[in-house]
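Data block for work.cif (mmCIF, N, CA and C atoms):
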data_protein
loop_
_atom_site.label_atom_id
_atom_site.label_comp_id
_atom_site.auth_asym_id
_atom_site.auth_seq_id
_atom_site.Cartn_x
_atom_site.Cartn_y
_atom_site.Cartn_z
N MET A 1 -27.83 -7.81 -4.55
CA MET A 1 -26.62 -7.05 -4.44
C MET A 1 -26.23 -6.86 -2.98
N LEU A 2 -27.21 -6.68 -2.13
CA LEU A 2 -26.90 -6.48 -0.71
C LEU A 2 -26.27 -7.73 -0.10
N ALA A 3 -26.77 -8.88 -0.48
CA ALA A 3 -26.20 -10.13 0.05
C ALA A 3 -24.74 -10.29 -0.40
N GLN A 4 -24.46 -9.93 -1.64
CA GLN A 4 -23.09 -10.03 -2.14
C GLN A 4 -22.18 -9.02 -1.43
N MET A 5 -22.71 -7.81 -1.16
CA MET A 5 -21.92 -6.81 -0.45
C MET A 5 -21.64 -7.26 0.98
N GLU A 6 -22.62 -7.86 1.61
CA GLU A 6 -22.41 -8.39 2.97
C GLU A 6 -21.37 -9.50 2.97
N GLU A 7 -21.35 -10.31 1.90
CA GLU A 7 -20.34 -11.36 1.77
C GLU A 7 -18.94 -10.76 1.61
N VAL A 8 -18.83 -9.68 0.83
CA VAL A 8 -17.55 -8.99 0.69
C VAL A 8 -17.09 -8.50 2.05
N GLN A 9 -18.02 -7.91 2.80
CA GLN A 9 -17.68 -7.39 4.13
C GLN A 9 -17.24 -8.52 5.05
N ALA A 10 -17.92 -9.65 5.01
CA ALA A 10 -17.55 -10.79 5.85
C ALA A 10 -16.17 -11.31 5.47
N GLN A 11 -15.88 -11.37 4.18
CA GLN A 11 -14.57 -11.86 3.74
C GLN A 11 -13.46 -10.87 4.11
N LEU A 12 -13.77 -9.59 4.11
CA LEU A 12 -12.79 -8.61 4.56
C LEU A 12 -12.50 -8.77 6.04
N ASP A 13 -13.54 -9.04 6.82
CA ASP A 13 -13.34 -9.31 8.26
C ASP A 13 -12.40 -10.49 8.44
N THR A 14 -12.62 -11.53 7.65
CA THR A 14 -11.77 -12.72 7.72
C THR A 14 -10.32 -12.39 7.35
N LEU A 15 -10.16 -11.58 6.29
CA LEU A 15 -8.81 -11.19 5.86
C LEU A 15 -8.10 -10.37 6.93
N VAL A 16 -8.79 -9.42 7.52
CA VAL A 16 -8.18 -8.59 8.57
C VAL A 16 -7.78 -9.47 9.75
N GLY A 17 -8.63 -10.42 10.12
CA GLY A 17 -8.29 -11.35 11.20
C GLY A 17 -7.08 -12.19 10.87
N ALA A 18 -6.99 -12.65 9.62
CA ALA A 18 -5.83 -13.45 9.20
C ALA A 18 -4.56 -12.60 9.22
N LEU A 19 -4.68 -11.35 8.79
CA LEU A 19 -3.52 -10.45 8.82
C LEU A 19 -3.07 -10.20 10.25
N ASP A 20 -4.02 -10.00 11.14
CA ASP A 20 -3.68 -9.79 12.54
C ASP A 20 -3.05 -11.02 13.16
N GLY A 21 -3.44 -12.20 12.67
CA GLY A 21 -2.91 -13.45 13.19
C GLY A 21 -1.57 -13.84 12.58
N HIS A 22 -1.12 -13.11 11.56
CA HIS A 22 0.16 -13.36 10.90
C HIS A 22 0.24 -14.80 10.37
N ASP A 23 -0.89 -15.31 9.90
CA ASP A 23 -0.97 -16.68 9.40
C ASP A 23 -1.00 -16.64 7.87
N ALA A 24 0.12 -16.99 7.25
CA ALA A 24 0.23 -16.89 5.79
C ALA A 24 -0.83 -17.72 5.07
N GLY A 25 -1.07 -18.94 5.54
CA GLY A 25 -2.07 -19.79 4.90
C GLY A 25 -3.47 -19.19 4.98
N ALA A 26 -3.79 -18.65 6.15
CA ALA A 26 -5.11 -18.02 6.34
C ALA A 26 -5.22 -16.75 5.50
N ILE A 27 -4.13 -16.01 5.35
CA ILE A 27 -4.14 -14.79 4.53
C ILE A 27 -4.41 -15.16 3.07
N ILE A 28 -3.74 -16.20 2.59
CA ILE A 28 -3.94 -16.62 1.20
C ILE A 28 -5.38 -17.08 0.98
N ALA A 29 -5.90 -17.89 1.89
CA ALA A 29 -7.27 -18.39 1.76
C ALA A 29 -8.27 -17.23 1.81
N ALA A 30 -8.06 -16.29 2.74
CA ALA A 30 -8.97 -15.15 2.87
C ALA A 30 -8.91 -14.26 1.65
N THR A 31 -7.73 -14.10 1.08
CA THR A 31 -7.58 -13.28 -0.12
C THR A 31 -8.33 -13.90 -1.29
N GLU A 32 -8.21 -15.21 -1.44
CA GLU A 32 -8.92 -15.90 -2.53
C GLU A 32 -10.43 -15.82 -2.33
N ALA A 33 -10.89 -15.99 -1.10
CA ALA A 33 -12.32 -15.91 -0.81
C ALA A 33 -12.84 -14.49 -1.06
N LEU A 34 -12.03 -13.49 -0.70
CA LEU A 34 -12.42 -12.11 -0.94
C LEU A 34 -12.51 -11.83 -2.44
N ALA A 35 -11.54 -12.33 -3.21
CA ALA A 35 -11.58 -12.13 -4.66
C ALA A 35 -12.84 -12.72 -5.27
N THR A 36 -13.22 -13.90 -4.82
CA THR A 36 -14.45 -14.53 -5.31
C THR A 36 -15.67 -13.70 -4.95
N ALA A 37 -15.71 -13.21 -3.71
CA ALA A 37 -16.84 -12.39 -3.26
C ALA A 37 -16.94 -11.10 -4.07
N VAL A 38 -15.81 -10.50 -4.38
CA VAL A 38 -15.81 -9.26 -5.17
C VAL A 38 -16.32 -9.53 -6.58
N ILE A 39 -15.89 -10.63 -7.18
CA ILE A 39 -16.36 -10.98 -8.53
C ILE A 39 -17.88 -11.16 -8.53
N LEU A 40 -18.40 -11.86 -7.54
CA LEU A 40 -19.85 -12.07 -7.45
C LEU A 40 -20.58 -10.75 -7.20
N PHE A 41 -19.98 -9.88 -6.41
CA PHE A 41 -20.60 -8.58 -6.13
C PHE A 41 -20.67 -7.73 -7.39
N ARG A 42 -19.59 -7.74 -8.17
CA ARG A 42 -19.56 -6.92 -9.39
C ARG A 42 -20.63 -7.32 -10.38
N GLY A 43 -21.03 -8.57 -10.38
CA GLY A 43 -22.05 -9.04 -11.31
C GLY A 43 -23.46 -8.96 -10.77
N ALA A 44 -23.63 -8.52 -9.54
CA ALA A 44 -24.96 -8.50 -8.92
C ALA A 44 -25.70 -7.20 -9.24
N PRO A 45 -26.98 -7.30 -9.57
CA PRO A 45 -27.76 -6.09 -9.83
C PRO A 45 -28.14 -5.40 -8.52
N VAL A 46 -28.30 -4.08 -8.59
CA VAL A 46 -28.75 -3.30 -7.43
C VAL A 46 -30.28 -3.34 -7.41
N ALA A 47 -30.82 -3.81 -6.29
CA ALA A 47 -32.27 -3.88 -6.16
C ALA A 47 -32.85 -2.47 -6.04
N GLU A 48 -33.98 -2.28 -6.65
CA GLU A 48 -34.62 -0.96 -6.58
C GLU A 48 -34.97 -0.63 -5.14
N GLY A 49 -34.61 0.54 -4.71
CA GLY A 49 -34.85 0.96 -3.33
C GLY A 49 -33.76 0.57 -2.36
N GLY A 50 -32.75 -0.17 -2.81
CA GLY A 50 -31.68 -0.62 -1.93
C GLY A 50 -30.43 0.24 -2.00
N GLU A 51 -30.53 1.38 -2.67
CA GLU A 51 -29.36 2.23 -2.86
C GLU A 51 -28.79 2.77 -1.54
N SER A 52 -29.67 3.16 -0.62
CA SER A 52 -29.18 3.75 0.64
C SER A 52 -28.46 2.69 1.49
N ARG A 53 -29.00 1.49 1.55
CA ARG A 53 -28.33 0.41 2.29
C ARG A 53 -27.02 0.04 1.61
N ALA A 54 -27.02 0.03 0.29
CA ALA A 54 -25.79 -0.28 -0.45
C ALA A 54 -24.72 0.77 -0.16
N LYS A 55 -25.10 2.03 -0.07
CA LYS A 55 -24.14 3.10 0.21
C LYS A 55 -23.50 2.90 1.58
N VAL A 56 -24.30 2.55 2.58
CA VAL A 56 -23.78 2.32 3.93
C VAL A 56 -22.81 1.14 3.92
N LEU A 57 -23.18 0.05 3.25
CA LEU A 57 -22.32 -1.12 3.18
C LEU A 57 -21.01 -0.81 2.44
N ILE A 58 -21.10 -0.03 1.37
CA ILE A 58 -19.89 0.32 0.62
C ILE A 58 -18.96 1.15 1.48
N GLU A 59 -19.49 2.08 2.26
CA GLU A 59 -18.66 2.88 3.15
C GLU A 59 -17.98 2.00 4.20
N GLN A 60 -18.70 1.03 4.73
CA GLN A 60 -18.11 0.11 5.70
C GLN A 60 -17.00 -0.72 5.07
N VAL A 61 -17.25 -1.21 3.87
CA VAL A 61 -16.25 -2.02 3.18
C VAL A 61 -15.01 -1.20 2.85
N LEU A 62 -15.20 0.04 2.45
CA LEU A 62 -14.05 0.90 2.16
C LEU A 62 -13.20 1.11 3.41
N GLY A 63 -13.84 1.25 4.56
CA GLY A 63 -13.10 1.36 5.81
C GLY A 63 -12.32 0.08 6.12
N GLN A 64 -12.93 -1.06 5.86
CA GLN A 64 -12.25 -2.33 6.09
C GLN A 64 -11.09 -2.52 5.12
N LEU A 65 -11.26 -2.08 3.88
CA LEU A 65 -10.18 -2.17 2.91
C LEU A 65 -8.98 -1.33 3.36
N GLU A 66 -9.27 -0.15 3.90
CA GLU A 66 -8.19 0.69 4.40
C GLU A 66 -7.48 0.02 5.58
N ALA A 67 -8.25 -0.60 6.47
CA ALA A 67 -7.66 -1.30 7.62
C ALA A 67 -6.79 -2.46 7.14
N ALA A 68 -7.26 -3.20 6.15
CA ALA A 68 -6.47 -4.31 5.62
C ALA A 68 -5.19 -3.80 4.96
N ALA A 69 -5.29 -2.71 4.21
CA ALA A 69 -4.11 -2.15 3.54
C ALA A 69 -3.07 -1.70 4.56
N ILE A 70 -3.51 -1.10 5.64
CA ILE A 70 -2.58 -0.67 6.70
C ILE A 70 -1.87 -1.88 7.28
N ARG A 71 -2.60 -2.94 7.56
CA ARG A 71 -1.99 -4.15 8.12
C ARG A 71 -1.00 -4.77 7.14
N ILE A 72 -1.35 -4.79 5.88
CA ILE A 72 -0.45 -5.35 4.87
C ILE A 72 0.84 -4.56 4.81
N ASN A 73 0.73 -3.24 4.84
CA ASN A 73 1.94 -2.41 4.81
C ASN A 73 2.80 -2.62 6.04
N ILE A 74 2.18 -2.77 7.20
CA ILE A 74 2.94 -3.02 8.42
C ILE A 74 3.66 -4.36 8.32
N LEU A 75 2.96 -5.41 7.89
CA LEU A 75 3.59 -6.72 7.74
C LEU A 75 4.72 -6.68 6.72
N LYS A 76 4.52 -5.95 5.64
CA LYS A 76 5.57 -5.82 4.63
C LYS A 76 6.81 -5.15 5.22
N ASN A 77 6.60 -4.09 5.99
CA ASN A 77 7.73 -3.39 6.60
C ASN A 77 8.44 -4.27 7.62
N TRP A 78 7.69 -5.01 8.42
CA TRP A 78 8.31 -5.92 9.40
C TRP A 78 9.15 -6.98 8.68
N THR A 79 8.60 -7.52 7.61
CA THR A 79 9.32 -8.54 6.85
C THR A 79 10.59 -7.96 6.25
N ARG A 80 10.50 -6.77 5.69
CA ARG A 80 11.68 -6.12 5.11
C ARG A 80 12.74 -5.89 6.19
N GLN A 81 12.32 -5.46 7.39
CA GLN A 81 13.27 -5.24 8.48
C GLN A 81 13.94 -6.54 8.89
N ARG A 82 13.17 -7.62 8.96
CA ARG A 82 13.74 -8.92 9.33
C ARG A 82 14.76 -9.38 8.30
N ILE A 83 14.42 -9.21 7.03
CA ILE A 83 15.35 -9.60 5.96
C ILE A 83 16.61 -8.77 6.06
N ASP A 84 16.47 -7.47 6.23
CA ASP A 84 17.64 -6.59 6.35
C ASP A 84 18.48 -6.96 7.56
N ASN A 85 17.84 -7.25 8.70
CA ASN A 85 18.58 -7.64 9.91
C ASN A 85 19.33 -8.95 9.69
N ASN A 86 18.69 -9.91 9.03
CA ASN A 86 19.36 -11.18 8.73
C ASN A 86 20.57 -10.96 7.84
N HIS A 87 20.45 -10.09 6.88
CA HIS A 87 21.58 -9.78 6.01
C HIS A 87 22.71 -9.14 6.81
N GLN A 88 22.36 -8.24 7.72
CA GLN A 88 23.38 -7.60 8.54
C GLN A 88 24.11 -8.61 9.41
N VAL A 89 23.36 -9.49 10.05
CA VAL A 89 23.96 -10.50 10.93
C VAL A 89 24.91 -11.40 10.15
N ARG A 90 24.53 -11.74 8.94
CA ARG A 90 25.35 -12.64 8.13
C ARG A 90 26.45 -11.90 7.36
N GLY A 91 26.43 -10.57 7.41
CA GLY A 91 27.43 -9.79 6.69
C GLY A 91 27.20 -9.77 5.20
N ILE A 92 25.96 -9.97 4.80
CA ILE A 92 25.60 -9.99 3.38
C ILE A 92 24.97 -8.65 3.03
N GLN A 93 25.27 -8.15 1.85
CA GLN A 93 24.68 -6.90 1.40
C GLN A 93 23.20 -7.12 1.06
N THR A 94 22.35 -6.16 1.43
CA THR A 94 20.94 -6.26 1.11
C THR A 94 20.76 -6.13 -0.40
N ARG A 95 19.66 -6.66 -0.88
CA ARG A 95 19.40 -6.66 -2.32
C ARG A 95 18.58 -5.46 -2.77
N GLY A 96 18.37 -4.51 -1.91
CA GLY A 96 17.58 -3.33 -2.27
C GLY A 96 16.25 -3.32 -1.56
N THR A 97 15.49 -2.29 -1.81
CA THR A 97 14.21 -2.13 -1.13
C THR A 97 13.16 -3.04 -1.76
N ALA A 98 12.18 -3.35 -0.96
CA ALA A 98 11.09 -4.19 -1.44
C ALA A 98 10.20 -3.38 -2.37
N LEU A 99 9.60 -4.04 -3.33
CA LEU A 99 8.68 -3.36 -4.23
C LEU A 99 7.40 -3.03 -3.51
N THR A 100 6.84 -1.88 -3.83
CA THR A 100 5.57 -1.46 -3.26
C THR A 100 4.58 -1.29 -4.39
N TYR A 101 3.42 -1.86 -4.23
CA TYR A 101 2.39 -1.76 -5.26
C TYR A 101 1.26 -0.88 -4.79
#

Could you render the structure as structure tokens?
Amino acid sequence: MLAQMEEVQAQLDTLVGALDGHDAGAIIAATEALATAVILFRGAPVAEGGESRAKVLIEQVLGQLEAAAIRINILKNWTRQRIDNNHQVRGIQTRGTALTY
């Protein structure tokens, strides 16, 4: 279980780096790799005596998830602003606000 949790953490690092790099292809690849790592983690048993290390890793991963979510929201807002600005320049009415999940 610890190895799978470390893999989730590594994939989150990759995703945050891709988000910071504004590289759509890298974001998609990192998201898919993270999804695979999470699936493998969910099926992994917790080794006896490894609970304290698992707790530390989970806290780290939760922090990384929050960092990734913040970056995603920032990119979403920037994209929405660009779309709205393009509509203004062209004299086209905006189609409404972007969906938030």

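Straight-line separation from atom C of Val56 of chain A to atom CA of Val38 of chain A: 15.5 Å.
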
Using all atoms listed in the file, determine which residues lie at most 6.5 Å from segment 41-48 of chain A, disregarding the query and same-chain residues fewer than 2 positions distant; provide the list as a ChimeraX atom specification.
/A:1-2,4-5,36-39,50-51

Residues from the last selection, N, CA and C atoms, saved as a tab-separated table (two decimals), in the frame of the given file:
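Saved the output as selection.tsv:
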chain	number	residue	atom	x	y	z
A	1	MET	N	-27.83	-7.81	-4.55
A	1	MET	CA	-26.62	-7.05	-4.44
A	1	MET	C	-26.23	-6.86	-2.98
A	2	LEU	N	-27.21	-6.68	-2.13
A	2	LEU	CA	-26.90	-6.48	-0.71
A	2	LEU	C	-26.27	-7.73	-0.10
A	4	GLN	N	-24.46	-9.93	-1.64
A	4	GLN	CA	-23.09	-10.03	-2.14
A	4	GLN	C	-22.18	-9.02	-1.43
A	5	MET	N	-22.71	-7.81	-1.16
A	5	MET	CA	-21.92	-6.81	-0.45
A	5	MET	C	-21.64	-7.26	0.98
A	36	THR	N	-13.22	-13.90	-4.82
A	36	THR	CA	-14.45	-14.53	-5.31
A	36	THR	C	-15.67	-13.70	-4.95
A	37	ALA	N	-15.71	-13.21	-3.71
A	37	ALA	CA	-16.84	-12.39	-3.26
A	37	ALA	C	-16.94	-11.10	-4.07
A	38	VAL	N	-15.81	-10.50	-4.38
A	38	VAL	CA	-15.81	-9.26	-5.17
A	38	VAL	C	-16.32	-9.53	-6.58
A	39	ILE	N	-15.89	-10.63	-7.18
A	39	ILE	CA	-16.36	-10.98	-8.53
A	39	ILE	C	-17.88	-11.16	-8.53
A	50	GLY	N	-32.75	-0.17	-2.81
A	50	GLY	CA	-31.68	-0.62	-1.93
A	50	GLY	C	-30.43	0.24	-2.00
A	51	GLU	N	-30.53	1.38	-2.67
A	51	GLU	CA	-29.36	2.23	-2.86
A	51	GLU	C	-28.79	2.77	-1.54

Long-range neighbours of segment 21-28 of chain A as a list in words, 12 Å cut-off, only C-alpha atoms, 2 positions minimum in chain:
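Selected residues are Gln11, Leu12, Asp13, Thr14, Leu15, Val16, Gly17, Ala18, Leu19, Ala30, Thr31, Glu32, Ala33, Leu34, Ala35, Ala68, Arg71, Ile72, Ile74, Leu75, Lys76, Trp78 and Thr79 of chain A.
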
Work out how far atom CA of Leu65 of chain A is from atom C of Gly49 of chain A, in Å to one decimal.
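Here the two named atoms are 24.3 Å from each other.
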
A straight line from atom CA of Leu62 of chain A to atom N of Gln81 of chain A spans 27.6 Å

Just the helix (DSSP H, G or I) stuff from chain A, please, per backbone DSSP, written as JSON, numbers by chain.
{"A": [2, 3, 4, 5, 6, 7, 8, 9, 10, 11, 12, 13, 14, 15, 16, 17, 18, 19, 20, 21, 24, 25, 26, 27, 28, 29, 30, 31, 32, 33, 34, 35, 36, 37, 38, 39, 40, 41, 42, 51, 52, 53, 54, 55, 56, 57, 58, 59, 60, 61, 62, 63, 64, 65, 66, 67, 68, 69, 70, 71, 72, 73, 74, 75, 76, 77, 78, 79, 80, 81, 82, 83, 84, 85, 86, 87, 88, 89, 90]}

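Closest approach to Gln60 of chain A among A:Ile83, A:Val89, A:Ala10, A:Ala29: A:Ala10, based on only C-alpha atoms.
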